[in-house]
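Coordinates as given in protein_19.cif (mmCIF, C-alpha atoms):
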data_protein
#
loop_
_atom_site.label_atom_id
_atom_site.label_comp_id
_atom_site.auth_asym_id
_atom_site.auth_seq_id
_atom_site.Cartn_x
_atom_site.Cartn_y
_atom_site.Cartn_z
CA MET Z 25 -11.76 -18.71 -7.89
CA ALA Z 26 -9.20 -15.96 -7.42
CA ASN Z 27 -7.64 -14.57 -4.29
CA PHE Z 28 -7.44 -10.78 -3.91
CA LEU Z 29 -5.70 -8.40 -1.55
CA VAL Z 30 -7.64 -5.25 -0.59
CA VAL Z 31 -5.72 -2.27 0.80
CA ASP Z 32 -7.66 0.65 2.29
CA ASP Z 33 -7.44 2.51 5.58
CA GLU Z 34 -11.24 2.77 5.87
CA LYS Z 35 -12.71 -0.36 7.36
CA GLN Z 36 -16.12 0.00 5.73
CA ILE Z 37 -14.55 0.31 2.27
CA ARG Z 38 -12.42 -2.80 2.86
CA THR Z 39 -15.51 -4.68 3.98
CA MET Z 40 -17.51 -3.49 0.97
CA ILE Z 41 -14.86 -4.57 -1.56
CA LYS Z 42 -14.31 -7.90 0.20
CA LYS Z 43 -18.05 -8.55 0.18
CA ALA Z 44 -18.33 -7.75 -3.55
CA LEU Z 45 -15.42 -10.07 -4.37
CA GLU Z 46 -16.77 -12.87 -2.21
CA GLU Z 47 -20.19 -12.56 -3.86
CA MET Z 48 -18.40 -13.49 -7.11
CA GLY Z 49 -17.01 -16.64 -5.49
CA ASN Z 50 -13.55 -15.18 -4.94
CA SER Z 51 -11.66 -14.86 -1.71
CA ALA Z 52 -10.18 -11.64 -0.37
CA GLU Z 53 -7.94 -10.53 2.44
CA THR Z 54 -7.84 -6.97 3.70
CA VAL Z 55 -5.14 -4.75 5.16
CA ALA Z 56 -5.15 -1.08 6.20
CA ASN Z 57 -1.95 0.33 4.64
CA GLY Z 58 0.92 -0.19 2.24
CA GLU Z 59 3.37 -1.66 4.77
CA GLU Z 60 0.92 -4.36 5.80
CA ALA Z 61 0.14 -5.03 2.13
CA LEU Z 62 3.79 -5.48 1.19
CA LYS Z 63 4.35 -7.80 4.14
CA THR Z 64 1.33 -9.89 3.13
CA LEU Z 65 2.45 -9.97 -0.52
CA PHE Z 66 5.77 -11.53 0.51
CA ASP Z 67 3.94 -14.22 2.48
CA LYS Z 68 1.11 -15.20 0.15
CA LYS Z 69 0.21 -15.38 -3.51
CA TYR Z 70 -2.58 -13.16 -4.85
CA ASP Z 71 -4.28 -12.91 -8.23
CA GLY Z 72 -5.02 -9.20 -7.92
CA VAL Z 73 -4.69 -6.18 -5.65
CA PHE Z 74 -7.14 -3.34 -5.00
CA THR Z 75 -5.47 -0.39 -3.33
CA ASP Z 76 -6.45 3.05 -2.10
CA ILE Z 77 -4.03 5.95 -2.66
CA ARG Z 78 -4.33 8.08 0.47
CA MET Z 79 -3.46 6.01 3.50
CA PRO Z 80 -1.45 6.75 6.62
CA GLY Z 81 2.10 5.35 6.54
CA MET Z 82 2.95 3.79 3.20
CA ASN Z 83 0.40 5.16 0.73
CA GLY Z 84 -0.93 3.50 -2.41
CA LEU Z 85 1.59 5.12 -4.78
CA ASP Z 86 4.50 3.99 -2.61
CA LEU Z 87 2.98 0.52 -2.51
CA LEU Z 88 2.77 0.41 -6.32
CA LYS Z 89 6.40 1.60 -6.54
CA ALA Z 90 7.52 -1.04 -4.04
CA MET Z 91 5.58 -3.75 -5.89
CA LYS Z 92 7.29 -2.72 -9.11
CA GLU Z 93 10.72 -2.77 -7.47
CA GLU Z 94 10.06 -6.14 -5.89
CA ASN Z 95 8.71 -7.51 -9.19
CA PHE Z 96 5.28 -8.46 -7.91
CA ASN Z 97 3.74 -9.23 -11.24
CA ILE Z 98 0.10 -9.05 -10.09
CA PRO Z 99 -2.73 -7.03 -11.68
CA LYS Z 100 -3.41 -3.90 -9.66
CA VAL Z 101 -6.46 -1.64 -9.52
CA VAL Z 102 -6.39 1.72 -7.75
CA ILE Z 103 -9.42 3.03 -5.88
CA SER Z 104 -9.37 6.62 -4.80
CA ALA Z 105 -11.41 9.74 -4.26
CA TYR Z 106 -8.54 11.82 -5.64
CA ALA Z 107 -8.78 11.33 -9.37
CA SER Z 108 -6.62 14.23 -10.55
CA VAL Z 109 -5.06 13.81 -13.99
CA GLU Z 110 -1.58 13.65 -12.41
CA ASN Z 111 -2.68 10.91 -10.02
CA VAL Z 112 -4.26 8.84 -12.75
CA ILE Z 113 -1.20 9.15 -15.02
CA GLU Z 114 1.12 8.23 -12.18
CA VAL Z 115 -0.79 5.10 -11.15
CA PHE Z 116 -0.91 3.86 -14.73
CA LYS Z 117 2.82 4.50 -15.08
CA LEU Z 118 3.30 2.36 -11.99
CA GLY Z 119 1.49 -0.54 -13.64
CA ALA Z 120 -2.12 -0.19 -12.43
CA ARG Z 121 -4.73 -1.72 -14.75
CA ASP Z 122 -7.64 0.47 -13.72
CA PHE Z 123 -8.57 3.50 -11.64
CA ILE Z 124 -11.90 3.48 -9.81
CA THR Z 125 -13.05 6.71 -8.21
CA LYS Z 126 -14.75 6.77 -4.83
CA PRO Z 127 -17.62 6.50 -4.17
CA PHE Z 128 -18.11 3.40 -6.30
CA SER Z 129 -20.67 0.64 -6.49
CA PRO Z 130 -19.90 -3.04 -5.84
CA GLU Z 131 -20.60 -3.61 -9.54
CA GLU Z 132 -17.53 -1.55 -10.50
CA ILE Z 133 -15.38 -3.73 -8.24
CA LYS Z 134 -16.86 -6.88 -9.75
CA THR Z 135 -16.18 -5.68 -13.30
CA ALA Z 136 -12.56 -4.79 -12.43
CA ALA Z 137 -12.07 -8.18 -10.74
CA SER Z 138 -13.44 -10.05 -13.78
CA THR Z 139 -11.11 -8.13 -16.10
CA MET Z 140 -8.15 -8.99 -13.87
CA GLN Z 141 -9.13 -12.65 -13.92
CA THR Z 142 -9.68 -12.68 -17.69
CA ASP Z 143 -6.23 -11.18 -18.22
CA TYR Z 144 -4.77 -13.76 -15.88
CA ILE Z 145 -6.39 -16.62 -17.81
CA ASP Z 146 -5.39 -14.93 -21.04
CA ILE Z 147 -1.64 -15.00 -20.35
CA LYS Z 148 -1.83 -18.57 -19.03
CA GLU Z 149 -3.80 -19.86 -21.99
CA THR Z 150 -1.81 -17.97 -24.60
CA SER Z 151 1.50 -19.08 -23.16
CA GLN Z 152 0.36 -22.70 -23.20
CA TYR Z 153 -0.69 -22.30 -26.80
CA VAL Z 154 2.67 -20.75 -27.70
CA ARG Z 155 4.48 -23.67 -26.03
CA GLY Z 156 2.43 -26.06 -28.16
CA LEU Z 157 3.39 -24.18 -31.31
CA ILE Z 158 7.09 -24.29 -30.35
CA LYS Z 159 6.91 -28.05 -29.76
CA GLN Z 160 5.31 -28.49 -33.17
CA GLY Z 161 8.07 -26.44 -34.72
CA ALA Z 162 5.70 -23.63 -35.76
CA THR Z 163 8.07 -20.97 -34.48
CA SER Z 164 6.87 -18.16 -36.77
CA SER Z 165 3.28 -18.51 -35.48
CA ALA Z 166 4.64 -18.75 -31.94
CA GLU Z 167 6.59 -15.51 -32.50
CA GLU Z 168 3.40 -13.78 -33.65
CA TYR Z 169 1.48 -14.70 -30.48
CA LEU Z 170 4.51 -13.92 -28.41
CA SER Z 171 4.71 -10.36 -29.71
CA GLN Z 172 1.17 -9.84 -28.39
CA LEU Z 173 2.21 -11.16 -24.98
CA PHE Z 174 5.26 -8.89 -24.96
CA ALA Z 175 3.06 -5.87 -25.72
CA LYS Z 176 0.46 -6.69 -23.07
CA TYR Z 177 2.58 -8.09 -20.26
CA GLN Z 178 5.75 -6.05 -20.29
CA SER Z 179 6.55 -6.76 -16.68
CA SER Z 180 5.82 -10.50 -16.84
CA PRO Z 181 8.67 -13.04 -16.95
CA ILE Z 182 6.61 -15.39 -19.17
CA PRO Z 183 7.12 -13.79 -22.63
CA HIS Z 184 10.93 -13.75 -22.20
CA TYR Z 185 10.85 -17.38 -21.08
CA LEU Z 186 8.84 -18.35 -24.16
CA LYS Z 187 11.22 -16.39 -26.36
CA ALA Z 188 14.05 -18.41 -24.81
CA LEU Z 189 12.20 -21.63 -25.71
CA ILE Z 190 11.98 -20.46 -29.33
CA HIS Z 191 15.73 -19.80 -29.38
CA ILE Z 192 16.38 -23.23 -27.86
CA SER Z 193 14.29 -24.83 -30.60
CA LYS Z 194 16.50 -22.97 -33.09
CA LEU Z 195 19.59 -24.17 -31.20
CA ASP Z 196 20.56 -20.58 -30.45
CA LYS Z 197 21.71 -21.13 -26.88
CA GLU Z 198 23.29 -17.74 -26.43
CA SER Z 199 20.09 -15.81 -27.23
CA ALA Z 200 18.06 -18.26 -25.17
CA GLU Z 201 20.26 -17.63 -22.16
CA ARG Z 202 19.89 -13.87 -22.61
CA HIS Z 203 16.09 -14.15 -22.55
CA LEU Z 204 16.12 -16.49 -19.57
CA LYS Z 205 18.15 -13.90 -17.69
CA ALA Z 206 15.70 -11.17 -18.78
CA SER Z 207 12.85 -13.33 -17.51
CA LEU Z 208 14.58 -13.69 -14.13
CA ALA Z 209 15.27 -9.95 -14.01
CA LEU Z 210 11.51 -9.46 -14.01
CA ASP Z 211 10.85 -12.23 -11.50
CA GLU Z 212 13.87 -13.73 -9.83
CA ASN Z 213 11.81 -16.64 -8.55
CA TYR Z 214 10.26 -17.60 -11.88
CA GLU Z 215 10.72 -21.36 -11.66
CA PRO Z 216 10.70 -22.46 -15.35
CA ALA Z 217 13.46 -19.94 -16.19
CA LEU Z 218 15.49 -20.96 -13.15
CA LYS Z 219 15.23 -24.64 -14.12
CA LYS Z 220 16.16 -23.99 -17.73
CA LEU Z 221 19.24 -21.97 -16.74
CA GLU Z 222 20.24 -24.74 -14.33
CA GLU Z 223 19.96 -27.25 -17.20
CA PHE Z 224 22.18 -24.97 -19.32
CA LYS Z 225 24.81 -24.83 -16.61
CA LYS Z 226 24.83 -28.62 -16.26
CA GLN Z 227 25.13 -29.04 -20.03
CA THR Z 228 28.01 -26.56 -20.18
CA LYS Z 229 29.80 -28.43 -17.37
CA THR Z 230 29.36 -31.79 -19.11
CA GLU Z 231 30.51 -30.36 -22.42
CA SER Z 232 33.60 -28.72 -20.90
CA GLY Z 233 34.34 -31.95 -18.98
CA LYS Z 234 34.21 -33.83 -22.27
CA ASP Z 235 36.55 -31.29 -23.86
CA VAL Z 236 39.07 -31.66 -21.06
CA GLY Z 237 38.82 -35.47 -21.23
CA GLU Z 238 39.28 -35.43 -24.99
CA LYS Z 239 42.32 -33.19 -24.69
CA GLU Z 240 43.87 -35.40 -22.00
CA GLU Z 241 43.40 -38.43 -24.23
CA GLU Z 242 45.28 -36.66 -26.99
CA MET N 158 -45.92 -9.76 -14.22
CA SER N 159 -44.33 -6.36 -13.94
CA ALA N 160 -42.48 -5.21 -17.03
CA LYS N 161 -40.12 -3.14 -14.93
CA LYS N 162 -37.21 -5.14 -13.58
CA LYS N 163 -36.80 -4.77 -9.85
CA LYS N 164 -33.48 -3.20 -8.97
CA ASN N 165 -31.85 -4.65 -5.90
CA ASN N 166 -28.79 -2.46 -5.67
CA TRP N 167 -29.58 1.23 -5.36
CA TYR N 168 -27.12 4.07 -5.29
CA VAL N 169 -28.29 6.12 -2.34
CA ILE N 170 -26.93 9.47 -1.16
CA ILE N 171 -27.81 10.52 2.38
CA ILE N 172 -27.32 14.17 3.24
CA GLY N 173 -26.86 14.62 6.97
CA CYS N 174 -25.41 12.01 9.30
CA GLY N 175 -27.47 12.59 12.41
CA ARG N 176 -29.52 9.89 14.14
CA LEU N 177 -31.90 9.34 11.22
CA GLY N 178 -29.20 9.57 8.51
CA SER N 179 -26.79 7.20 10.24
CA LYS N 180 -29.47 4.66 11.13
CA THR N 181 -30.83 4.71 7.57
CA ALA N 182 -27.29 4.41 6.16
CA GLY N 183 -26.70 1.29 8.25
CA ASN N 184 -30.01 -0.30 7.27
CA LEU N 185 -29.62 0.41 3.56
CA SER N 186 -26.03 -0.75 3.31
CA ASN N 187 -26.96 -3.85 5.29
CA ALA N 188 -29.66 -4.50 2.70
CA GLY N 189 -26.99 -4.45 -0.05
CA HIS N 190 -27.39 -0.93 -1.41
CA SER N 191 -24.48 1.39 -2.23
CA VAL N 192 -24.65 4.22 0.26
CA VAL N 193 -22.81 7.54 0.39
CA VAL N 194 -23.24 9.77 3.42
CA LEU N 195 -22.44 13.47 3.17
CA ASP N 196 -22.06 15.73 6.21
CA ASN N 197 -20.07 18.88 6.93
CA ASN N 198 -18.98 17.59 10.33
CA PRO N 199 -16.61 14.59 10.12
CA ASP N 200 -17.35 13.71 13.77
CA SER N 201 -20.95 12.97 12.80
CA PHE N 202 -19.76 9.82 11.00
CA ASP N 203 -19.08 8.34 14.44
CA HIS N 204 -22.86 7.76 14.60
CA LEU N 205 -22.67 5.25 11.76
CA PRO N 206 -23.38 1.70 12.92
CA PRO N 207 -20.82 -1.11 12.40
CA GLU N 208 -22.93 -2.67 9.62
CA PHE N 209 -22.39 0.43 7.46
CA THR N 210 -20.18 -0.43 4.47
CA GLY N 211 -20.53 2.68 2.32
CA PHE N 212 -18.69 5.94 1.78
CA THR N 213 -18.47 9.06 3.88
CA ILE N 214 -17.80 12.48 2.42
CA THR N 215 -17.10 15.55 4.49
CA GLY N 216 -18.54 18.57 2.75
CA ASN N 217 -21.21 21.22 2.61
CA ALA N 218 -24.34 19.90 0.88
CA THR N 219 -25.23 23.37 -0.37
CA GLU N 220 -22.04 23.42 -2.45
CA ILE N 221 -22.36 21.73 -5.80
CA GLU N 222 -18.79 20.38 -5.58
CA SER N 223 -19.72 18.30 -2.52
CA LEU N 224 -22.70 16.83 -4.35
CA LYS N 225 -20.53 16.10 -7.38
CA LYS N 226 -18.01 14.33 -5.14
CA ALA N 227 -20.86 12.12 -3.99
CA LYS N 228 -21.64 11.41 -7.68
CA ILE N 229 -25.15 12.78 -7.42
CA SER N 230 -25.67 12.31 -11.16
CA GLN N 231 -25.63 8.53 -10.56
CA ALA N 232 -27.97 8.51 -7.57
CA ASP N 233 -31.15 6.44 -7.62
CA VAL N 234 -32.27 7.93 -4.34
CA VAL N 235 -31.30 11.12 -2.49
CA LEU N 236 -32.31 11.46 1.15
CA ALA N 237 -32.12 15.02 2.49
CA PHE N 238 -31.89 14.44 6.23
CA THR N 239 -30.13 17.52 7.61
CA ASN N 240 -31.73 19.28 10.58
CA LYS N 241 -32.58 22.37 8.52
CA ASP N 242 -35.61 22.48 6.22
CA ASN N 243 -34.08 25.15 3.99
CA ILE N 244 -30.91 23.10 3.36
CA ASN N 245 -33.03 20.01 2.69
CA TYR N 246 -35.06 22.04 0.23
CA MET N 247 -31.98 23.36 -1.61
CA VAL N 248 -30.44 19.90 -1.87
CA SER N 249 -33.73 18.33 -2.97
CA GLN N 250 -34.20 20.96 -5.64
CA VAL N 251 -30.68 20.47 -7.04
CA ALA N 252 -31.05 16.68 -6.96
CA LYS N 253 -34.43 16.78 -8.64
CA GLU N 254 -34.06 19.58 -11.14
CA ALA N 255 -30.35 19.69 -12.01
CA TYR N 256 -29.59 15.96 -11.77
CA ASN N 257 -32.99 14.33 -12.36
CA ALA N 258 -32.61 12.04 -9.36
CA PRO N 259 -35.46 9.51 -9.67
CA HIS N 260 -36.35 9.57 -5.97
CA VAL N 261 -35.77 12.38 -3.52
CA ILE N 262 -37.06 12.19 0.05
CA ALA N 263 -36.64 14.98 2.58
CA ARG N 264 -37.17 15.12 6.30
CA ILE N 265 -38.87 18.40 7.28
CA TYR N 266 -39.57 19.83 10.69
CA ASP N 267 -42.17 22.44 9.79
CA PRO N 268 -45.32 20.78 8.35
CA GLU N 269 -46.14 24.04 6.58
CA ASN N 270 -43.15 23.44 4.27
CA LYS N 271 -44.65 20.20 2.99
CA GLU N 272 -46.44 21.89 0.12
CA LEU N 273 -43.23 23.57 -1.03
CA PHE N 274 -41.49 20.21 -1.33
CA SER N 275 -44.40 18.53 -3.07
CA GLN N 276 -44.30 21.26 -5.75
CA ILE N 277 -40.86 20.00 -6.82
CA ASP N 278 -42.01 16.36 -6.60
CA VAL N 279 -40.10 15.58 -3.42
CA GLU N 280 -41.55 13.14 -0.92
CA THR N 281 -41.41 14.24 2.69
CA ILE N 282 -41.14 12.75 6.13
CA VAL N 283 -42.56 15.02 8.83
CA PRO N 284 -41.61 13.77 12.32
CA MET N 285 -44.34 15.87 13.95
CA GLU N 286 -47.02 14.28 11.77
CA LEU N 287 -45.65 10.81 12.42
CA ALA N 288 -45.74 11.49 16.16
CA GLU N 289 -49.27 12.85 15.87
CA THR N 290 -50.47 9.76 13.96
CA ALA N 291 -48.80 7.44 16.45
CA LEU N 292 -50.30 9.32 19.38
CA ASN N 293 -53.81 9.26 17.87
CA LYS N 294 -53.48 5.52 17.30
CA THR N 295 -52.31 4.92 20.85
CA PHE N 296 -55.14 7.05 22.30
CA SER N 297 -57.77 5.27 20.23
CA GLU N 298 -56.39 1.90 21.34
CA ILE N 299 -56.48 3.02 24.98
CA SER N 300 -60.01 4.36 24.72
CA GLU N 301 -61.20 1.20 22.92
CA GLY N 302 -59.39 -1.10 25.35
#
Show me, as structure tokens, the structure contained in the file I just sent.
Amino acid sequence: MANFLVVDDEKQIRTMIKKALEEMGNSAETVANGEEALKTLFDKKYDGVFTDIRMPGMNGLDLLKAMKEENFNIPKVVISAYASVENVIEVFKLGARDFITKPFSPEEIKTAASTMQTDYIDIKETSQYVRGLIKQGATSSAEEYLSQLFAKYQSSPIPHYLKALIHISKLDKESAERHLKASLALDENYEPALKKLEEFKKQTKTESGKDVGEKEEE
Amino acid sequence: MSAKKKKNNWYVIIIGCGRLGSKTAGNLSNAGHSVVVLDNNPDSFDHLPPEFTGFTITGNATEIESLKKAKISQADVVLAFTNKDNINYMVSQVAKEAYNAPHVIARIYDPENKELFSQIDVETIVPMELAETALNKTFSEISEG
């Protein structure tokens, strides 16, 4: 079951999308504009966002921009009656996965939600598989899968973290650190990267402590 | 067993959001159908009941762009419910002949127009006839009782 955020200023549209998502066994919360959406995104974790473009206050494009700036790495689908070429290009540039034009049927929402969920499972499963390959020492196969993840999830912190793990397995600490930092640049709260960097710092301290001790003994 | 699979989610376009259009929109969206209501007066959407969960489009039904906005090419059912028979006829004709809408139903005020609509395979609802039937039934019940 996934949890979605629905952003639209029209109540009946919010209700319709929520109903379609709930019929699939998902849960959904609804808000009426971009400001409310952003506030909610800081408070809770969502697996996907459906947003309208034209809304009073913060509109859908501004919301997508803000989500990009704040590194909310969540699949986004835009729903709008204004499907001009410029609009469509802009929303895709801002990281949207799909563009659904109004009026739409609940089936279109369900299909978009399933795709979002499949992608979500995809990155989770693939990253687990890549970890397994790294542990087994099959780094070249891991690199192959990783390149696919890099291509598909450019704004996700996961591929950089996995790349760091590959460098660690090759004892290339400097490159590993660089990728951990890249991972955190995409999501500053990405826990595995934070932990790994912390470990690095501790190791460096211990090593430098040893050096000092050794020198003093001399 | 019927070979034709029963469809439970219809794409319905309602032209005209007066009392009949808004009530029908509420009922159909409550029954799980996808409903789009088109009217040239945005205030008319205030008639829509709270159970309505479809789309509203402000536009002139006699302009093809408005019908395209409502995605008429995808409609399973088109309901022409404006208060003018001639507009209902124009919309029905476009829906039926240009977009092959499977079902088109029009409300008409003048019973004499019924034949015109049936020539383009459009079903009609004639309030005067319905009132007449209801009245006859009531009178026969009174006289029998």
Hey, which of Z:Ala137, Z:Leu189, Z:Val73, Z:Leu85 ends up closest to Val115 in chain Z? Count all atoms listed in the file.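 Selected residue with least distance to Val115 in chain Z: Z:Leu85.
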### Query
Which residues of chain Z are close to chain N, meaning at most 9 Å apart when you count only C-alpha atoms, and how do they look as a list in words?
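Applying the cut-off to the listed atoms yields Lys35, Gln36, Ile37, Arg38, Thr39, Met40, Ala105, Lys126, Pro127, Phe128, Ser129 and Pro130 of chain Z.
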* the PyMOL selection byres ((chain Z and resi 192) around 12) applied to the shown file, residues as a PyMOL selection string -> chain Z and resi 158-159+161+163+185-191+193-204+220-221+223-224
Resulting file, chosen residues, C-alpha atoms, as an mmCIF file, keeping the file's coordinate frame:
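selection_2.cif, written as the output of this step:
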data_model
loop_
_atom_site.group_PDB
_atom_site.id
_atom_site.type_symbol
_atom_site.label_atom_id
_atom_site.label_comp_id
_atom_site.auth_asym_id
_atom_site.auth_seq_id
_atom_site.Cartn_x
_atom_site.Cartn_y
_atom_site.Cartn_z
ATOM 1 C CA ILE Z 158 7.090 -24.290 -30.350
ATOM 2 C CA LYS Z 159 6.910 -28.050 -29.760
ATOM 3 C CA GLY Z 161 8.070 -26.440 -34.720
ATOM 4 C CA THR Z 163 8.070 -20.970 -34.480
ATOM 5 C CA TYR Z 185 10.850 -17.380 -21.080
ATOM 6 C CA LEU Z 186 8.840 -18.350 -24.160
ATOM 7 C CA LYS Z 187 11.220 -16.390 -26.360
ATOM 8 C CA ALA Z 188 14.050 -18.410 -24.810
ATOM 9 C CA LEU Z 189 12.200 -21.630 -25.710
ATOM 10 C CA ILE Z 190 11.980 -20.460 -29.330
ATOM 11 C CA HIS Z 191 15.730 -19.800 -29.380
ATOM 12 C CA SER Z 193 14.290 -24.830 -30.600
ATOM 13 C CA LYS Z 194 16.500 -22.970 -33.090
ATOM 14 C CA LEU Z 195 19.590 -24.170 -31.200
ATOM 15 C CA ASP Z 196 20.560 -20.580 -30.450
ATOM 16 C CA LYS Z 197 21.710 -21.130 -26.880
ATOM 17 C CA GLU Z 198 23.290 -17.740 -26.430
ATOM 18 C CA SER Z 199 20.090 -15.810 -27.230
ATOM 19 C CA ALA Z 200 18.060 -18.260 -25.170
ATOM 20 C CA GLU Z 201 20.260 -17.630 -22.160
ATOM 21 C CA ARG Z 202 19.890 -13.870 -22.610
ATOM 22 C CA HIS Z 203 16.090 -14.150 -22.550
ATOM 23 C CA LEU Z 204 16.120 -16.490 -19.570
ATOM 24 C CA LYS Z 220 16.160 -23.990 -17.730
ATOM 25 C CA LEU Z 221 19.240 -21.970 -16.740
ATOM 26 C CA GLU Z 223 19.960 -27.250 -17.200
ATOM 27 C CA PHE Z 224 22.180 -24.970 -19.320
#
Can you tell me, as number ranges by chain, what residues are no more than 12 Å from Asn95 in chain Z when counting only C-alpha atoms, ignoring any on the same chain fewer than 6 positions away? Z: 62, 65-66, 87-89, 118-119, 178-181, 207-214
Just say which residues the PyMOL selection byres ((chain Z and resi 28) around 12) picks in this file, as a ChimeraX atom specification.
/Z:25-27,29-31,38,41-46,48-55,61,64-65,68-75,98-101,133-134,136-138,140-141
Atoms kept (C-alpha atoms) for selection, written as a PDB file, in the coordinates of the input:
ATOM      1  CA  MET Z  25     -11.760 -18.710  -7.890  1.00  0.00           C
ATOM      2  CA  ALA Z  26      -9.200 -15.960  -7.420  1.00  0.00           C
ATOM      3  CA  ASN Z  27      -7.640 -14.570  -4.290  1.00  0.00           C
ATOM      4  CA  LEU Z  29      -5.700  -8.400  -1.550  1.00  0.00           C
ATOM      5  CA  VAL Z  30      -7.640  -5.250  -0.590  1.00  0.00           C
ATOM      6  CA  VAL Z  31      -5.720  -2.270   0.800  1.00  0.00           C
ATOM      7  CA  ARG Z  38     -12.420  -2.800   2.860  1.00  0.00           C
ATOM      8  CA  ILE Z  41     -14.860  -4.570  -1.560  1.00  0.00           C
ATOM      9  CA  LYS Z  42     -14.310  -7.900   0.200  1.00  0.00           C
ATOM     10  CA  LYS Z  43     -18.050  -8.550   0.180  1.00  0.00           C
ATOM     11  CA  ALA Z  44     -18.330  -7.750  -3.550  1.00  0.00           C
ATOM     12  CA  LEU Z  45     -15.420 -10.070  -4.370  1.00  0.00           C
ATOM     13  CA  GLU Z  46     -16.770 -12.870  -2.210  1.00  0.00           C
ATOM     14  CA  MET Z  48     -18.400 -13.490  -7.110  1.00  0.00           C
ATOM     15  CA  GLY Z  49     -17.010 -16.640  -5.490  1.00  0.00           C
ATOM     16  CA  ASN Z  50     -13.550 -15.180  -4.940  1.00  0.00           C
ATOM     17  CA  SER Z  51     -11.660 -14.860  -1.710  1.00  0.00           C
ATOM     18  CA  ALA Z  52     -10.180 -11.640  -0.370  1.00  0.00           C
ATOM     19  CA  GLU Z  53      -7.940 -10.530   2.440  1.00  0.00           C
ATOM     20  CA  THR Z  54      -7.840  -6.970   3.700  1.00  0.00           C
ATOM     21  CA  VAL Z  55      -5.140  -4.750   5.160  1.00  0.00           C
ATOM     22  CA  ALA Z  61       0.140  -5.030   2.130  1.00  0.00           C
ATOM     23  CA  THR Z  64       1.330  -9.890   3.130  1.00  0.00           C
ATOM     24  CA  LEU Z  65       2.450  -9.970  -0.520  1.00  0.00           C
ATOM     25  CA  LYS Z  68       1.110 -15.200   0.150  1.00  0.00           C
ATOM     26  CA  LYS Z  69       0.210 -15.380  -3.510  1.00  0.00           C
ATOM     27  CA  TYR Z  70      -2.580 -13.160  -4.850  1.00  0.00           C
ATOM     28  CA  ASP Z  71      -4.280 -12.910  -8.230  1.00  0.00           C
ATOM     29  CA  GLY Z  72      -5.020  -9.200  -7.920  1.00  0.00           C
ATOM     30  CA  VAL Z  73      -4.690  -6.180  -5.650  1.00  0.00           C
ATOM     31  CA  PHE Z  74      -7.140  -3.340  -5.000  1.00  0.00           C
ATOM     32  CA  THR Z  75      -5.470  -0.390  -3.330  1.00  0.00           C
ATOM     33  CA  ILE Z  98       0.100  -9.050 -10.090  1.00  0.00           C
ATOM     34  CA  PRO Z  99      -2.730  -7.030 -11.680  1.00  0.00           C
ATOM     35  CA  LYS Z 100      -3.410  -3.900  -9.660  1.00  0.00           C
ATOM     36  CA  VAL Z 101      -6.460  -1.640  -9.520  1.00  0.00           C
ATOM     37  CA  ILE Z 133     -15.380  -3.730  -8.240  1.00  0.00           C
ATOM     38  CA  LYS Z 134     -16.860  -6.880  -9.750  1.00  0.00           C
ATOM     39  CA  ALA Z 136     -12.560  -4.790 -12.430  1.00  0.00           C
ATOM     40  CA  ALA Z 137     -12.070  -8.180 -10.740  1.00  0.00           C
ATOM     41  CA  SER Z 138     -13.440 -10.050 -13.780  1.00  0.00           C
ATOM     42  CA  MET Z 140      -8.150  -8.990 -13.870  1.00  0.00           C
ATOM     43  CA  GLN Z 141      -9.130 -12.650 -13.920  1.00  0.00           C
TER      44      GLN Z 141
END
Computed gap from CA of Asp196 in chain N to CA of Met82 in chain Z is 27.9 Å
Expected selection from the PyMOL selection byres ((chain N and resi 286-302) around 12), given as an NGL selection string
:N and (264-269 or 271 or 281-285)
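For the atom pair formed by CA of Asn197 in chain N and CA of Ser230 in chain N, the distance is 20.0 Å, given to one decimal.
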Could you work out how far CA of Gly81 in chain Z lies from CA of Ala120 in chain Z, giving the answer in Å with one decimal?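 Value for the CA of Ala120 in chain Z-CA of Gly81 in chain Z distance: 20.2 Å.
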Counting all atoms listed in the file, what is within 12 Å of Tyr153 in chain Z, bar same-chain residues fewer than 4 positions away, as a PyMOL selection string? chain Z and resi 146-149+157-160+162-163+165-170+173+186
Store the residues picked out above, limited to C-alpha atoms, as a PDB file, in the coordinates of the input.
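Saved as out04.pdb:
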ATOM      1  CA  ASP Z 146      -5.390 -14.930 -21.040  1.00  0.00           C
ATOM      2  CA  ILE Z 147      -1.640 -15.000 -20.350  1.00  0.00           C
ATOM      3  CA  LYS Z 148      -1.830 -18.570 -19.030  1.00  0.00           C
ATOM      4  CA  GLU Z 149      -3.800 -19.860 -21.990  1.00  0.00           C
ATOM      5  CA  LEU Z 157       3.390 -24.180 -31.310  1.00  0.00           C
ATOM      6  CA  ILE Z 158       7.090 -24.290 -30.350  1.00  0.00           C
ATOM      7  CA  LYS Z 159       6.910 -28.050 -29.760  1.00  0.00           C
ATOM      8  CA  GLN Z 160       5.310 -28.490 -33.170  1.00  0.00           C
ATOM      9  CA  ALA Z 162       5.700 -23.630 -35.760  1.00  0.00           C
ATOM     10  CA  THR Z 163       8.070 -20.970 -34.480  1.00  0.00           C
ATOM     11  CA  SER Z 165       3.280 -18.510 -35.480  1.00  0.00           C
ATOM     12  CA  ALA Z 166       4.640 -18.750 -31.940  1.00  0.00           C
ATOM     13  CA  GLU Z 167       6.590 -15.510 -32.500  1.00  0.00           C
ATOM     14  CA  GLU Z 168       3.400 -13.780 -33.650  1.00  0.00           C
ATOM     15  CA  TYR Z 169       1.480 -14.700 -30.480  1.00  0.00           C
ATOM     16  CA  LEU Z 170       4.510 -13.920 -28.410  1.00  0.00           C
ATOM     17  CA  LEU Z 173       2.210 -11.160 -24.980  1.00  0.00           C
ATOM     18  CA  LEU Z 186       8.840 -18.350 -24.160  1.00  0.00           C
TER      19      LEU Z 186
END
